[in-house]
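Peer 1: What follows is the file coords.txt, containing compact mmCIF, C-alpha atoms:
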# COMPACT_ATOMS: atom_id res chain seq x y z
CA MET R 1 30.04 19.96 -21.14
CA THR R 2 31.54 18.66 -17.93
CA VAL R 3 31.32 20.94 -14.92
CA PRO R 4 34.19 20.75 -12.41
CA ALA R 5 33.47 18.67 -9.34
CA ARG R 6 32.37 20.27 -6.08
CA THR R 7 35.18 19.24 -3.76
CA SER R 8 33.64 20.00 -0.36
CA PHE R 9 34.38 17.08 1.97
CA PHE R 10 31.00 17.69 3.61
CA VAL R 11 29.22 17.18 0.31
CA VAL R 12 31.27 14.10 -0.53
CA ALA R 13 30.57 12.61 2.88
CA ALA R 14 26.87 13.30 2.62
CA PHE R 15 26.53 11.39 -0.63
CA ALA R 16 29.16 8.65 -0.51
CA LEU R 17 27.55 5.48 -1.78
CA ALA R 18 27.85 2.13 -0.09
CA ALA R 19 26.40 -1.16 -1.32
CA CYS R 20 23.17 -0.11 -3.00
CA ASN R 21 21.11 -3.25 -3.48
CA GLY R 22 20.00 -4.72 -6.78
CA ALA R 23 16.64 -2.93 -6.69
CA GLY R 24 18.54 0.31 -6.87
CA MET R 25 16.05 2.21 -4.77
CA SER R 26 16.83 0.99 -1.28
CA GLY R 27 19.74 -0.26 0.75
CA SER R 28 22.67 1.28 2.60
CA PHE R 29 23.48 4.90 1.83
CA PRO R 30 24.49 6.25 5.26
CA THR R 31 24.01 9.89 6.19
CA GLY R 32 26.94 9.79 8.57
CA THR R 33 29.75 8.59 6.36
CA SER R 34 33.01 10.04 7.61
CA PRO R 35 34.68 12.83 5.61
CA GLY R 36 36.99 11.44 2.98
CA GLY R 37 35.15 8.10 2.86
CA THR R 38 35.39 6.30 -0.45
CA ALA R 39 32.21 5.88 -2.46
CA GLY R 40 31.31 2.23 -2.90
CA THR R 41 30.46 0.64 -6.22
CA ALA R 42 26.72 0.39 -6.79
CA THR R 43 25.20 -2.75 -8.26
CA GLY R 44 23.83 -2.67 -11.77
CA ALA R 45 27.12 -1.57 -13.30
CA ALA R 46 26.98 -1.03 -17.02
CA PRO R 47 28.65 -3.72 -19.16
CA GLY R 48 32.29 -3.36 -20.03
CA THR R 49 33.09 -0.58 -17.54
CA SER R 50 35.72 -0.44 -14.85
CA GLY R 51 34.79 2.85 -13.21
CA GLN R 52 37.41 4.73 -15.24
CA ASN R 53 36.67 7.37 -17.85
CA ALA R 54 35.97 5.80 -21.22
CA THR R 55 35.57 7.16 -24.71
CA MET R 56 32.38 6.31 -26.55
CA THR R 57 32.73 5.43 -30.22
CA THR R 58 30.04 4.99 -32.83
CA ALA R 59 30.97 1.33 -33.14
CA ARG R 60 30.69 0.80 -29.39
CA ALA R 61 27.32 2.57 -29.31
CA GLN R 62 26.04 0.37 -32.14
CA GLU R 63 27.22 -2.73 -30.27
CA LEU R 64 25.36 -1.61 -27.14
CA ALA R 65 22.22 -0.75 -29.11
CA ALA R 66 22.19 -4.24 -30.62
CA GLN R 67 22.59 -5.71 -27.13
CA ALA R 68 19.64 -3.66 -25.84
CA LYS R 69 17.47 -4.79 -28.77
CA ALA R 70 18.36 -8.44 -28.20
CA GLU R 71 17.59 -8.17 -24.49
CA ASP R 72 14.22 -6.58 -25.27
CA ALA R 73 13.34 -9.47 -27.55
CA ARG R 74 14.48 -12.04 -24.99
CA GLN R 75 13.15 -10.56 -21.76
CA HIS R 76 9.96 -8.72 -22.59
CA ARG R 77 6.80 -10.48 -21.55
CA SER R 78 3.28 -9.30 -22.10
CA THR R 79 1.56 -8.87 -18.74
CA GLY R 80 -1.59 -7.18 -19.98
CA SER R 81 -2.77 -3.95 -18.44
CA VAL R 82 -1.79 -3.41 -14.83
CA LEU R 83 -3.98 -0.30 -14.76
CA ALA R 84 -7.00 -2.47 -15.55
CA GLN R 85 -6.25 -4.52 -12.43
CA LEU R 86 -5.98 -1.46 -10.16
CA THR R 87 -9.67 -0.95 -9.49
CA LYS R 88 -9.60 0.72 -6.07
CA THR R 89 -8.75 4.39 -5.45
CA THR R 90 -7.90 5.51 -1.91
CA THR R 91 -7.06 8.99 -0.67
CA ILE R 92 -3.93 8.90 1.48
CA GLY R 93 -4.18 12.49 2.69
CA SER R 94 -3.78 16.18 2.03
CA THR R 95 -0.53 17.41 0.49
CA VAL R 96 -0.99 21.02 1.65
CA ASP R 97 1.98 22.12 3.73
CA PRO R 98 0.85 22.44 7.38
CA THR R 99 3.14 25.39 8.11
CA ASN R 100 2.47 27.80 5.22
CA ASN R 101 -0.36 26.24 3.16
CA ASP R 102 1.66 25.74 -0.02
CA SER R 103 -0.36 23.60 -2.43
CA ASN R 104 -0.48 22.01 -5.89
CA PRO R 105 1.66 18.88 -5.37
CA TYR R 106 4.07 18.05 -8.19
CA GLY R 107 7.14 15.99 -7.26
CA LEU R 108 6.63 12.58 -5.64
CA ASP R 109 8.91 9.75 -4.50
CA VAL R 110 9.22 7.14 -1.77
CA ALA R 111 11.52 7.27 1.27
CA LYS R 112 14.00 4.41 1.15
CA VAL R 113 15.01 4.11 4.83
CA ASP R 114 14.18 5.49 8.26
CA ALA R 115 16.05 8.80 8.46
CA GLY R 116 15.19 11.92 10.44
CA PRO R 117 11.43 12.46 10.31
CA LEU R 118 11.07 10.08 7.34
CA HIS R 119 10.12 6.43 7.64
CA LYS R 120 10.81 3.84 4.99
CA GLY R 121 7.85 3.87 2.61
CA ASP R 122 6.78 7.45 3.31
CA LEU R 123 5.62 9.43 0.29
CA VAL R 124 7.65 12.63 -0.14
CA ILE R 125 6.07 15.48 -2.10
CA CYS R 126 6.99 19.02 -3.14
CA ASN R 127 4.44 21.79 -3.68
CA PHE R 128 4.45 23.94 -6.81
CA ASN R 129 2.10 26.74 -5.63
CA ASP R 130 2.31 29.10 -2.66
CA ASN R 131 -0.45 29.78 -0.13
CA ALA R 132 -2.00 32.36 -2.49
CA ASN R 133 -2.19 29.60 -5.13
CA VAL R 134 0.33 31.38 -7.37
CA GLU R 135 1.79 28.75 -9.68
CA GLY R 136 5.54 28.29 -9.50
CA ASN R 137 5.92 30.00 -6.11
CA GLY R 138 5.77 26.93 -3.85
CA THR R 139 8.81 26.32 -1.66
CA THR R 140 7.98 23.31 0.51
CA VAL R 141 8.44 19.56 0.86
CA VAL R 142 6.03 17.43 2.89
CA ALA R 143 5.72 13.72 3.66
CA LEU R 144 2.81 11.37 4.30
CA ARG R 145 2.67 7.85 5.71
CA PRO R 146 1.43 5.37 3.06
CA GLN R 147 -2.01 4.78 4.58
CA ALA R 148 -5.44 6.38 4.34
CA GLY R 149 -6.06 9.27 6.71
CA SER R 150 -2.43 10.41 6.87
CA SER R 151 -1.60 14.02 7.66
CA PRO R 152 1.28 15.85 5.97
CA THR R 153 4.52 16.34 7.90
CA HIS R 154 6.49 19.47 7.04
CA ILE R 155 10.00 18.52 5.92
CA ALA R 156 11.54 21.60 4.31
CA GLN R 157 10.90 25.15 3.21
CA ASN R 158 13.50 27.07 1.24
CA ALA R 159 13.66 29.60 -1.59
CA ALA R 160 15.88 27.13 -3.44
CA LEU R 161 12.77 24.95 -3.85
CA LYS R 162 10.75 27.65 -5.59
CA GLY R 163 8.60 26.05 -8.26
CA CYS R 164 9.62 22.47 -7.44
CA THR R 165 8.38 20.23 -10.25
CA ALA R 166 10.02 16.90 -9.43
CA LEU R 167 12.08 15.19 -6.76
CA ALA R 168 13.99 11.96 -6.26
CA ILE R 169 14.94 10.36 -2.97
CA ALA R 170 18.47 9.00 -2.58
CA PRO R 171 19.07 5.68 -0.81
CA ASN R 172 19.84 7.60 2.41
CA ASP R 173 16.63 9.69 2.01
CA ASN R 174 18.43 12.84 0.91
CA ILE R 175 15.99 14.78 -1.26
CA TRP R 176 17.08 15.98 -4.71
CA ALA R 177 14.69 18.49 -6.28
CA ALA R 178 14.16 20.03 -9.69
CA ALA R 179 13.18 23.62 -8.90
CA PHE R 180 11.90 25.25 -12.09
CA SER R 181 11.40 28.82 -10.83
CA ALA R 182 14.57 28.92 -8.73
CA ASN R 183 16.50 27.34 -11.63
CA LEU R 184 18.39 25.18 -9.17
CA ASN R 185 18.81 21.54 -8.25
CA PRO R 186 18.83 21.71 -4.44
CA ILE R 187 19.66 18.77 -2.19
CA PHE R 188 18.23 18.43 1.32
CA GLN R 189 18.92 16.07 4.16
CA PRO R 190 15.85 14.16 5.46
CA SER R 191 15.76 16.64 8.34
CA GLY R 192 15.08 19.44 5.86
CA THR R 193 18.57 20.94 6.10
CA LEU R 194 19.79 22.33 2.79
CA VAL R 195 23.10 20.76 1.77
CA THR R 196 23.71 22.45 -1.58
CA THR R 197 21.80 24.02 -4.46
CA LEU R 198 24.30 22.83 -7.09
CA ALA R 199 24.38 26.45 -8.20
CA GLY R 200 26.15 27.10 -11.49
CA GLY R 201 25.09 23.82 -13.04
CA PRO R 202 23.65 23.54 -16.56
CA TRP R 203 20.10 24.24 -15.40
CA HIS R 204 17.50 25.69 -17.77
CA GLY R 205 14.18 25.33 -16.01
CA PRO R 206 14.67 22.02 -14.12
CA PHE R 207 11.64 19.84 -14.73
CA GLY R 208 12.47 16.17 -14.05
CA GLN R 209 14.60 14.15 -11.62
CA THR R 210 15.44 10.49 -10.99
CA PHE R 211 18.16 8.47 -9.24
CA SER R 212 20.42 5.78 -10.71
CA PRO R 213 22.60 3.51 -8.55
CA THR R 214 24.42 2.22 -11.63
CA ALA R 215 28.18 2.66 -11.69
CA GLY R 216 29.68 3.79 -14.98
CA PRO R 217 32.79 5.47 -16.33
CA PHE R 218 31.73 8.87 -15.00
CA GLY R 219 30.76 8.08 -11.41
CA THR R 220 29.66 5.47 -8.88
CA ALA R 221 26.01 6.53 -9.24
CA ALA R 222 24.06 9.47 -10.63
CA PHE R 223 20.96 11.59 -10.64
CA TYR R 224 19.38 12.58 -13.94
CA GLU R 225 17.74 15.97 -14.43
CA SER R 226 15.77 17.34 -17.38
CA ASN R 227 15.39 20.98 -18.43
CA ALA R 228 12.14 22.38 -19.81
CA GLY R 229 13.86 25.55 -20.96
CA ASP R 230 16.14 24.00 -23.56
CA GLY R 231 15.12 20.33 -23.79
CA SER R 232 18.36 18.94 -22.36
CA ILE R 233 19.12 15.97 -20.12
CA VAL R 234 21.84 16.28 -17.47
CA ARG R 235 23.57 13.44 -15.66
CA ILE R 236 24.80 14.53 -12.23
CA ASN R 237 27.66 12.14 -11.55
CA ILE R 238 28.42 11.14 -7.96
CA THR R 239 32.16 10.57 -7.65
CA PRO R 240 34.58 10.08 -4.74
CA ASN R 241 35.65 13.70 -5.21
CA GLY R 242 32.23 15.32 -5.44
CA PHE R 243 29.80 16.00 -8.28
CA THR R 244 30.29 16.51 -11.98
CA GLU R 245 27.56 17.35 -14.46
CA ASP R 246 27.33 16.17 -18.07
CA VAL R 247 24.75 17.43 -20.55
CA ILE R 248 24.30 14.07 -22.26
CA ALA R 249 21.35 14.88 -24.56
CA THR R 250 19.86 17.98 -26.15
CA GLY R 251 16.94 18.78 -28.42
CA PHE R 252 13.92 17.29 -26.67
CA ALA R 253 10.74 19.23 -27.46
CA VAL R 254 9.73 22.17 -25.25
CA ASN R 255 6.86 24.64 -25.39
CA GLY R 256 8.53 27.56 -23.60
CA GLY R 257 5.63 27.71 -21.18
CA LYS R 258 5.45 29.62 -17.93
CA PRO R 259 4.43 28.03 -14.60
CA GLY R 260 1.08 26.38 -15.15
CA ASN R 261 1.77 25.80 -18.83
CA ILE R 262 5.16 24.08 -18.95
CA LEU R 263 5.81 21.12 -21.23
CA GLY R 264 9.13 19.51 -22.01
CA PRO R 265 11.24 16.49 -21.03
CA SER R 266 10.02 15.28 -17.63
CA GLY R 267 8.66 12.21 -15.86
CA LEU R 268 12.15 10.68 -15.74
CA GLN R 269 12.35 7.02 -14.71
CA PHE R 270 15.49 4.90 -14.36
CA ASP R 271 15.36 1.14 -14.97
CA VAL R 272 18.21 -0.28 -12.92
CA GLN R 273 17.97 -3.73 -14.49
CA ARG R 274 18.68 -2.32 -17.94
CA ASP R 275 20.64 0.89 -17.27
CA ARG R 276 18.03 2.82 -19.22
CA LEU R 277 16.44 6.24 -18.76
CA TRP R 278 12.80 6.82 -19.69
CA ILE R 279 11.82 10.36 -20.73
CA VAL R 280 8.28 11.73 -21.05
CA ASP R 281 7.67 14.82 -23.18
CA GLY R 282 4.30 16.57 -23.21
CA ALA R 283 5.41 19.11 -25.81
CA ASP R 284 5.26 16.44 -28.53
CA ASN R 285 3.32 13.72 -26.64
CA SER R 286 6.13 11.21 -26.64
CA LEU R 287 7.90 8.57 -24.60
CA SER R 288 11.61 8.02 -25.30
CA VAL R 289 14.37 5.87 -23.84
CA ILE R 290 18.15 6.10 -23.63
CA ASN R 291 19.74 2.67 -23.27
CA PHE R 292 22.98 2.22 -21.31
CA VAL R 293 22.60 5.83 -20.23
CA SER R 294 25.46 5.61 -17.71
CA LEU R 295 27.87 5.23 -20.66
CA VAL R 296 26.62 8.21 -22.69
CA PRO R 297 29.28 10.96 -22.71
CA ALA R 298 28.67 14.69 -22.58
CA GLY R 299 27.14 15.79 -25.87
CA GLY R 300 26.53 12.17 -26.85
CA ILE R 301 22.95 12.51 -28.13
CA THR R 302 21.12 15.15 -30.17
CA VAL R 303 17.37 14.81 -30.64
CA LYS R 304 15.44 16.27 -33.55
CA GLY R 305 11.86 15.07 -33.68
CA GLU R 306 12.03 11.29 -33.75
CA THR R 307 15.68 11.24 -34.85
CA PHE R 308 18.47 10.60 -32.35
CA SER R 309 21.96 11.43 -33.60
CA GLY R 310 25.45 11.94 -32.17
CA VAL R 311 28.15 9.50 -31.15
CA ALA R 312 25.66 7.72 -28.83
CA GLY R 313 22.55 8.51 -30.86
CA VAL R 314 21.76 4.85 -31.56
CA LEU R 315 21.27 4.33 -27.81
CA GLY R 316 18.26 6.66 -27.85
CA GLN R 317 14.92 6.00 -29.46
CA ARG R 318 11.34 7.19 -29.60
CA VAL R 319 9.23 4.40 -28.12
CA PHE R 320 5.73 5.89 -28.44
CA ALA R 321 4.17 9.12 -29.66
CA GLY R 322 0.71 10.52 -30.25
CA ALA R 323 -2.78 9.79 -28.92
CA PRO R 324 -3.89 8.99 -26.32
CA LEU R 325 -0.95 10.93 -24.87
CA ASN R 326 -2.06 14.52 -24.32
CA GLY R 327 0.39 16.77 -22.50
CA PRO R 328 1.90 14.11 -20.20
CA ILE R 329 4.31 15.34 -17.53
CA SER R 330 4.61 12.54 -14.97
CA SER R 331 5.25 8.81 -15.13
CA ALA R 332 5.70 5.69 -13.03
CA LEU R 333 7.78 2.59 -13.83
CA LEU R 334 5.77 -0.50 -12.90
CA PRO R 335 7.47 -3.61 -11.45
CA GLY R 336 6.71 -5.61 -14.60
CA GLY R 337 8.37 -3.02 -16.83
CA ASN R 338 5.40 -1.11 -18.24
CA ILE R 339 5.36 2.68 -17.99
CA VAL R 340 2.33 4.70 -16.89
CA LEU R 341 2.15 8.35 -18.01
CA GLY R 342 -0.19 11.05 -16.69
CA ASN R 343 -1.88 13.46 -19.12
CA THR R 344 -2.45 17.13 -18.26
CA LEU R 345 -4.27 18.42 -21.36
CA ASP R 346 -7.33 16.17 -21.50
CA PRO R 347 -10.70 17.99 -21.53
CA ASP R 348 -12.54 18.62 -18.28
CA GLY R 349 -13.91 15.40 -16.86
CA THR R 350 -10.91 13.36 -18.00
CA ASN R 351 -7.49 12.94 -16.37
CA LEU R 352 -6.09 9.98 -18.21
CA MET R 353 -3.32 7.63 -17.18
CA VAL R 354 -1.78 5.85 -20.17
CA GLU R 355 0.06 2.52 -19.83
CA ILE R 356 2.73 1.66 -22.43
CA SER R 357 4.90 -1.45 -22.70
CA PRO R 358 8.72 -1.18 -22.93
CA THR R 359 8.45 -2.10 -26.61
CA GLY R 360 5.99 0.70 -27.36
CA SER R 361 2.59 -0.99 -27.31
CA LEU R 362 -0.40 0.86 -25.88
CA VAL R 363 -1.52 -1.42 -23.05
CA GLY R 364 -4.32 0.47 -21.32
CA THR R 365 -5.79 3.73 -20.04
CA LYS R 366 -7.63 4.82 -16.92
CA ASN R 367 -9.44 8.05 -16.07
CA VAL R 368 -8.53 8.81 -12.45
CA ASP R 369 -10.33 12.15 -11.93
CA THR R 370 -13.59 13.30 -13.53
CA GLY R 371 -13.16 16.90 -12.41
CA ALA R 372 -11.15 19.69 -13.98
CA ALA R 373 -8.42 18.79 -16.43
CA GLY R 374 -4.72 18.76 -15.55
CA ALA R 375 -4.93 17.00 -12.18
CA ILE R 376 -2.16 14.38 -12.47
CA PHE R 377 1.30 15.49 -11.29
CA GLY R 378 3.82 13.20 -9.68
CA MET R 379 3.49 9.40 -9.81
CA VAL R 380 5.37 6.50 -8.26
CA ALA R 381 4.76 2.75 -8.17
CA THR R 382 5.66 0.33 -5.39
CA GLY R 383 5.62 -3.44 -5.27
CA THR R 384 7.61 -6.29 -6.81
CA THR R 385 5.07 -7.85 -9.22
CA ASP R 386 1.95 -6.88 -11.14
CA MET R 387 -0.14 -8.45 -8.40
CA ASP R 388 1.17 -6.30 -5.55
CA THR R 389 1.64 -3.06 -7.50
CA GLN R 390 0.42 0.11 -5.86
CA LEU R 391 0.36 3.28 -7.96
CA TYR R 392 0.52 6.55 -6.00
CA PHE R 393 -0.24 9.87 -7.66
CA ASN R 394 -0.70 13.52 -6.76
CA ASP R 395 -4.20 14.80 -7.56
CA ASP R 396 -3.97 18.56 -7.87
CA ASN R 397 -7.73 19.03 -8.00
CA ALA R 398 -7.95 17.75 -4.44
CA ASN R 399 -4.45 18.78 -3.26
CA ALA R 400 -4.19 15.18 -2.13
CA LEU R 401 -2.12 12.06 -2.53
CA GLU R 402 -4.09 9.08 -3.85
CA VAL R 403 -3.26 5.45 -4.56
CA LEU R 404 -4.58 2.87 -7.03
CA THR R 405 -4.61 -0.71 -5.72
CA HIS R 406 -6.13 -4.07 -6.58
Would you mind writing the file's structure down as structure tokens?
Peer 2:
Amino acid sequence: MTVPARTSFFVVAAFALAACNGAGMSGSFPTGTSPGGTAGTATGAAPGTSGQNATMTTARAQELAAQAKAEDARQHRSTGSVLAQLTKTTTIGSTVDPTNNDSNPYGLDVAKVDAGPLHKGDLVICNFNDNANVEGNGTTVVALRPQAGSSPTHIAQNAALKGCTALAIAPNDNIWAAAFSANLNPIFQPSGTLVTTLAGGPWHGPFGQTFSPTAGPFGTAAFYESNAGDGSIVRINITPNGFTEDVIATGFAVNGGKPGNILGPSGLQFDVQRDRLWIVDGADNSLSVINFVSLVPAGGITVKGETFSGVAGVLGQRVFAGAPLNGPISSALLPGGNIVLGNTLDPDGTNLMVEISPTGSLVGTKNVDTGAAGAIFGMVATGTTDMDTQLYFNDDNANALEVLTH
């Protein structure tokens, strides 16, 4: 379904897009755009779109699917395992909130610009547990500088963040969060000021979040959110008149778990070069992709096991499933195109990262914590090539942010 746009000029001004760069994750996205400003067109626009609403047909979807397959065959290059090259582990610092001792870091992303207390390159984290270590009761966001010995800076505390499982940072450093327990998708300014909770949206246990600068027929850019309650994927369209929300896919596997035992679509990653959305699912140990996701209409894809149906069903596919995946929740998109997933159900002594190529080949694995199982939550990669990749991850055993480097 499509949810009517929020028409508040304040909201529109806060999120008007202007000239996102080709990387899609940095560039100009000013916090002070004047009310009524027109949203600019982001780079990475999907093929054959003019910014106007378009109707997807089965024939058009098949044409796009063939294009995606041809591009995969032409562009994919085998780089070997990047994980195997990342031999050094460094602790950046504690993720425990300094004001109320919330812990158990889940969501993780990188600040794109200097804004408020955030500096470009800062790691922004949300905590899932409260100070009594009750899972799903955390309500805080903290930030750390990307260097060893950093101390957490308190950014935000709000009931709308309760049970935050994932977050994504907009190009102006606004923080979009998937709050499982609150069942909201709150948005905060870098200062920690709550802008909106997007209350009334199609939220069913928000569990994943990622940003797309790609312009399509439904908006100038978007955030994608996944629900662990019903296995759906929501595109939150950013338009000149506010936000609209489309449930673009349904049927991803869920386990109906409570905080501490939740599995479902998560670990969302957007590939700006290909207009594709990666989806991790620990309920059936799978990695899936939706190609040309900015063009998928509301109700466009229905998932049943490994089968993707609907008018845009051919744009979705199961890329990998099964061992060594074991309850993955988080992921990171590496500069060379490989995806790293983080298991949560390995036995004690093993917390496995699993590297998979865009074409579904198992590339490598790495055990990053030999303590209790279920330590990996929240991952993000930085760099421009395999050789300068840095892979940050939240280690819940230590309540710390760590980084893998060469």
Peer 1: Separation of CA of His119 in chain R and CA of Thr89 in chain R, in Å?
Peer 2: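 A separation of 23.1 Å between them.
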Peer 1: Considering only C-alpha atoms, tabulate each residue of range 101-202 of chain R that lies at most 10 Å from range 245-266 of chain R along with its nearest interatomic pair and the corresponding distance in Å to one decimal; arrange the rows by chain and ascending residue number and present them as JSON lines.
Peer 2:
{"residue": "R:Phe128", "atom": "CA", "partner": "R:Pro259", "partner_atom": "CA", "distance": 8.8}
{"residue": "R:Asn129", "atom": "CA", "partner": "R:Pro259", "partner_atom": "CA", "distance": 9.4}
{"residue": "R:Val134", "atom": "CA", "partner": "R:Pro259", "partner_atom": "CA", "distance": 9.0}
{"residue": "R:Glu135", "atom": "CA", "partner": "R:Pro259", "partner_atom": "CA", "distance": 5.6}
{"residue": "R:Gly136", "atom": "CA", "partner": "R:Pro259", "partner_atom": "CA", "distance": 5.2}
{"residue": "R:Asn137", "atom": "CA", "partner": "R:Pro259", "partner_atom": "CA", "distance": 8.8}
{"residue": "R:Gly163", "atom": "CA", "partner": "R:Pro259", "partner_atom": "CA", "distance": 7.8}
{"residue": "R:Thr165", "atom": "CA", "partner": "R:Ser266", "partner_atom": "CA", "distance": 9.0}
{"residue": "R:Ala166", "atom": "CA", "partner": "R:Ser266", "partner_atom": "CA", "distance": 8.4}
{"residue": "R:Phe180", "atom": "CA", "partner": "R:Pro259", "partner_atom": "CA", "distance": 8.4}
{"residue": "R:Ser181", "atom": "CA", "partner": "R:Pro259", "partner_atom": "CA", "distance": 8.0}
{"residue": "R:Leu198", "atom": "CA", "partner": "R:Glu245", "partner_atom": "CA", "distance": 9.7}
{"residue": "R:Gly201", "atom": "CA", "partner": "R:Glu245", "partner_atom": "CA", "distance": 7.1}
{"residue": "R:Pro202", "atom": "CA", "partner": "R:Val247", "partner_atom": "CA", "distance": 7.4}
Peer 1: Neighbouring residues of Gln147 in chain R were defined as those with any atom within 12 Å, considering only C-alpha atoms; residues of the same chain fewer than 5 positions away were excluded. Please report them as a PDB file with C-alpha atoms, in the frame of the given file.
Peer 2:
ATOM      1  CA  THR R  90      -7.900   5.510  -1.910  1.00  0.00           C
ATOM      2  CA  THR R  91      -7.060   8.990  -0.670  1.00  0.00           C
ATOM      3  CA  ILE R  92      -3.930   8.900   1.480  1.00  0.00           C
ATOM      4  CA  GLY R  93      -4.180  12.490   2.690  1.00  0.00           C
ATOM      5  CA  SER R  94      -3.780  16.180   2.030  1.00  0.00           C
ATOM      6  CA  GLY R 121       7.850   3.870   2.610  1.00  0.00           C
ATOM      7  CA  ASP R 122       6.780   7.450   3.310  1.00  0.00           C
ATOM      8  CA  LEU R 123       5.620   9.430   0.290  1.00  0.00           C
ATOM      9  CA  PRO R 152       1.280  15.850   5.970  1.00  0.00           C
ATOM     10  CA  GLN R 390       0.420   0.110  -5.860  1.00  0.00           C
ATOM     11  CA  TYR R 392       0.520   6.550  -6.000  1.00  0.00           C
ATOM     12  CA  LEU R 401      -2.120  12.060  -2.530  1.00  0.00           C
ATOM     13  CA  GLU R 402      -4.090   9.080  -3.850  1.00  0.00           C
ATOM     14  CA  VAL R 403      -3.260   5.450  -4.560  1.00  0.00           C
ATOM     15  CA  THR R 405      -4.610  -0.710  -5.720  1.00  0.00           C
TER      16      THR R 405
END
Peer 1: Neighbouring residues of Asn101 in chain R were defined as those with any atom within 10 Å, considering all atoms listed in the file; residues of the same chain fewer than 5 positions away were excluded. Please report them as a PDB file with C-alpha atoms, in the coordinates of the input.
Peer 2:
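Output saved as selection-v2.pdb:
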ATOM      1  CA  THR R  95      -0.530  17.410   0.490  1.00  0.00           C
ATOM      2  CA  VAL R  96      -0.990  21.020   1.650  1.00  0.00           C
ATOM      3  CA  ASN R 127       4.440  21.790  -3.680  1.00  0.00           C
ATOM      4  CA  ASN R 129       2.100  26.740  -5.630  1.00  0.00           C
ATOM      5  CA  ASP R 130       2.310  29.100  -2.660  1.00  0.00           C
ATOM      6  CA  ASN R 131      -0.450  29.780  -0.130  1.00  0.00           C
ATOM      7  CA  ALA R 132      -2.000  32.360  -2.490  1.00  0.00           C
ATOM      8  CA  ASN R 133      -2.190  29.600  -5.130  1.00  0.00           C
ATOM      9  CA  GLY R 138       5.770  26.930  -3.850  1.00  0.00           C
ATOM     10  CA  THR R 140       7.980  23.310   0.510  1.00  0.00           C
TER      11      THR R 140
END
Peer 1: Quote the spacing between CA of Ile125 in chain R and CA of Leu362 in chain R in Å to one decimal place.
Peer 2: 28.7 Å
Peer 1: I need the residue nearest Pro186 in chain R from this list: R:Ala160, R:Leu334, R:Ala168, R:Ala373. Use all atoms listed in the file for the distance.
Peer 2: R:Ala160
Peer 1: What's around Gly305 in chain R at 12 Å? Count only C-alpha atoms, leave out sequence neighbours fewer than 3 positions away in its own chain, and write the answer as a list of chain:residue names.
Peer 2: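 Everything that qualifies: R:Gly231, R:Thr250, R:Gly251, R:Phe252, R:Ala253, R:Val254, R:Asp281, R:Ala283, R:Asp284, R:Asn285, R:Ser286, R:Leu287, R:Ser288, R:Thr302, R:Phe308, R:Ser309, R:Gln317, R:Arg318, R:Ala321.
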Peer 1: Of the candidates R:Ser226, R:Asn174, R:Thr307, R:Ser294, which shows the shortest atom-to-atom distance to Pro213 in chain R, using all atoms listed in the file?
Peer 2: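 Of R:Ser226, R:Asn174, R:Thr307, R:Ser294, the one nearest Pro213 in chain R, counting all atoms listed in the file, is R:Ser294.
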Peer 1: Residues within 12 Å of Ala68 in chain R, please, as a PDB file with C-alpha atoms, keeping the file's coordinate frame. Count only C-alpha atoms; anything in the same chain fewer than 5 positions from it doesn't count.
Peer 2:
ATOM      1  CA  ALA R  46      26.980  -1.030 -17.020  1.00  0.00           C
ATOM      2  CA  PRO R  47      28.650  -3.720 -19.160  1.00  0.00           C
ATOM      3  CA  ALA R  61      27.320   2.570 -29.310  1.00  0.00           C
ATOM      4  CA  GLN R  62      26.040   0.370 -32.140  1.00  0.00           C
ATOM      5  CA  GLU R  63      27.220  -2.730 -30.270  1.00  0.00           C
ATOM      6  CA  ALA R  73      13.340  -9.470 -27.550  1.00  0.00           C
ATOM      7  CA  ARG R  74      14.480 -12.040 -24.990  1.00  0.00           C
ATOM      8  CA  GLN R  75      13.150 -10.560 -21.760  1.00  0.00           C
ATOM      9  CA  HIS R  76       9.960  -8.720 -22.590  1.00  0.00           C
ATOM     10  CA  GLN R 273      17.970  -3.730 -14.490  1.00  0.00           C
ATOM     11  CA  ARG R 274      18.680  -2.320 -17.940  1.00  0.00           C
ATOM     12  CA  ASP R 275      20.640   0.890 -17.270  1.00  0.00           C
ATOM     13  CA  ARG R 276      18.030   2.820 -19.220  1.00  0.00           C
ATOM     14  CA  VAL R 289      14.370   5.870 -23.840  1.00  0.00           C
ATOM     15  CA  ILE R 290      18.150   6.100 -23.630  1.00  0.00           C
ATOM     16  CA  ASN R 291      19.740   2.670 -23.270  1.00  0.00           C
ATOM     17  CA  PHE R 292      22.980   2.220 -21.310  1.00  0.00           C
ATOM     18  CA  VAL R 293      22.600   5.830 -20.230  1.00  0.00           C
ATOM     19  CA  VAL R 314      21.760   4.850 -31.560  1.00  0.00           C
ATOM     20  CA  LEU R 315      21.270   4.330 -27.810  1.00  0.00           C
ATOM     21  CA  GLY R 316      18.260   6.660 -27.850  1.00  0.00           C
ATOM     22  CA  GLN R 317      14.920   6.000 -29.460  1.00  0.00           C
ATOM     23  CA  PRO R 358       8.720  -1.180 -22.930  1.00  0.00           C
ATOM     24  CA  THR R 359       8.450  -2.100 -26.610  1.00  0.00           C
TER      25      THR R 359
END
Peer 1: Using only C-alpha atoms, find the one residue out of R:Ser331, R:Thr153, R:Thr384, R:Thr214 that sits nearest to Ile356 in chain R.
Peer 2: R:Ser331
Peer 1: For each of R:Pro98, R:Gly374, R:Gly107, R:Pro117, take the minimum atom-to-atom distance to Thr193 in chain R, counting only C-alpha atoms, then give the residue where this is smallest.
Peer 2: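 Answer, going by the shortest atom-to-atom distance: R:Pro117.
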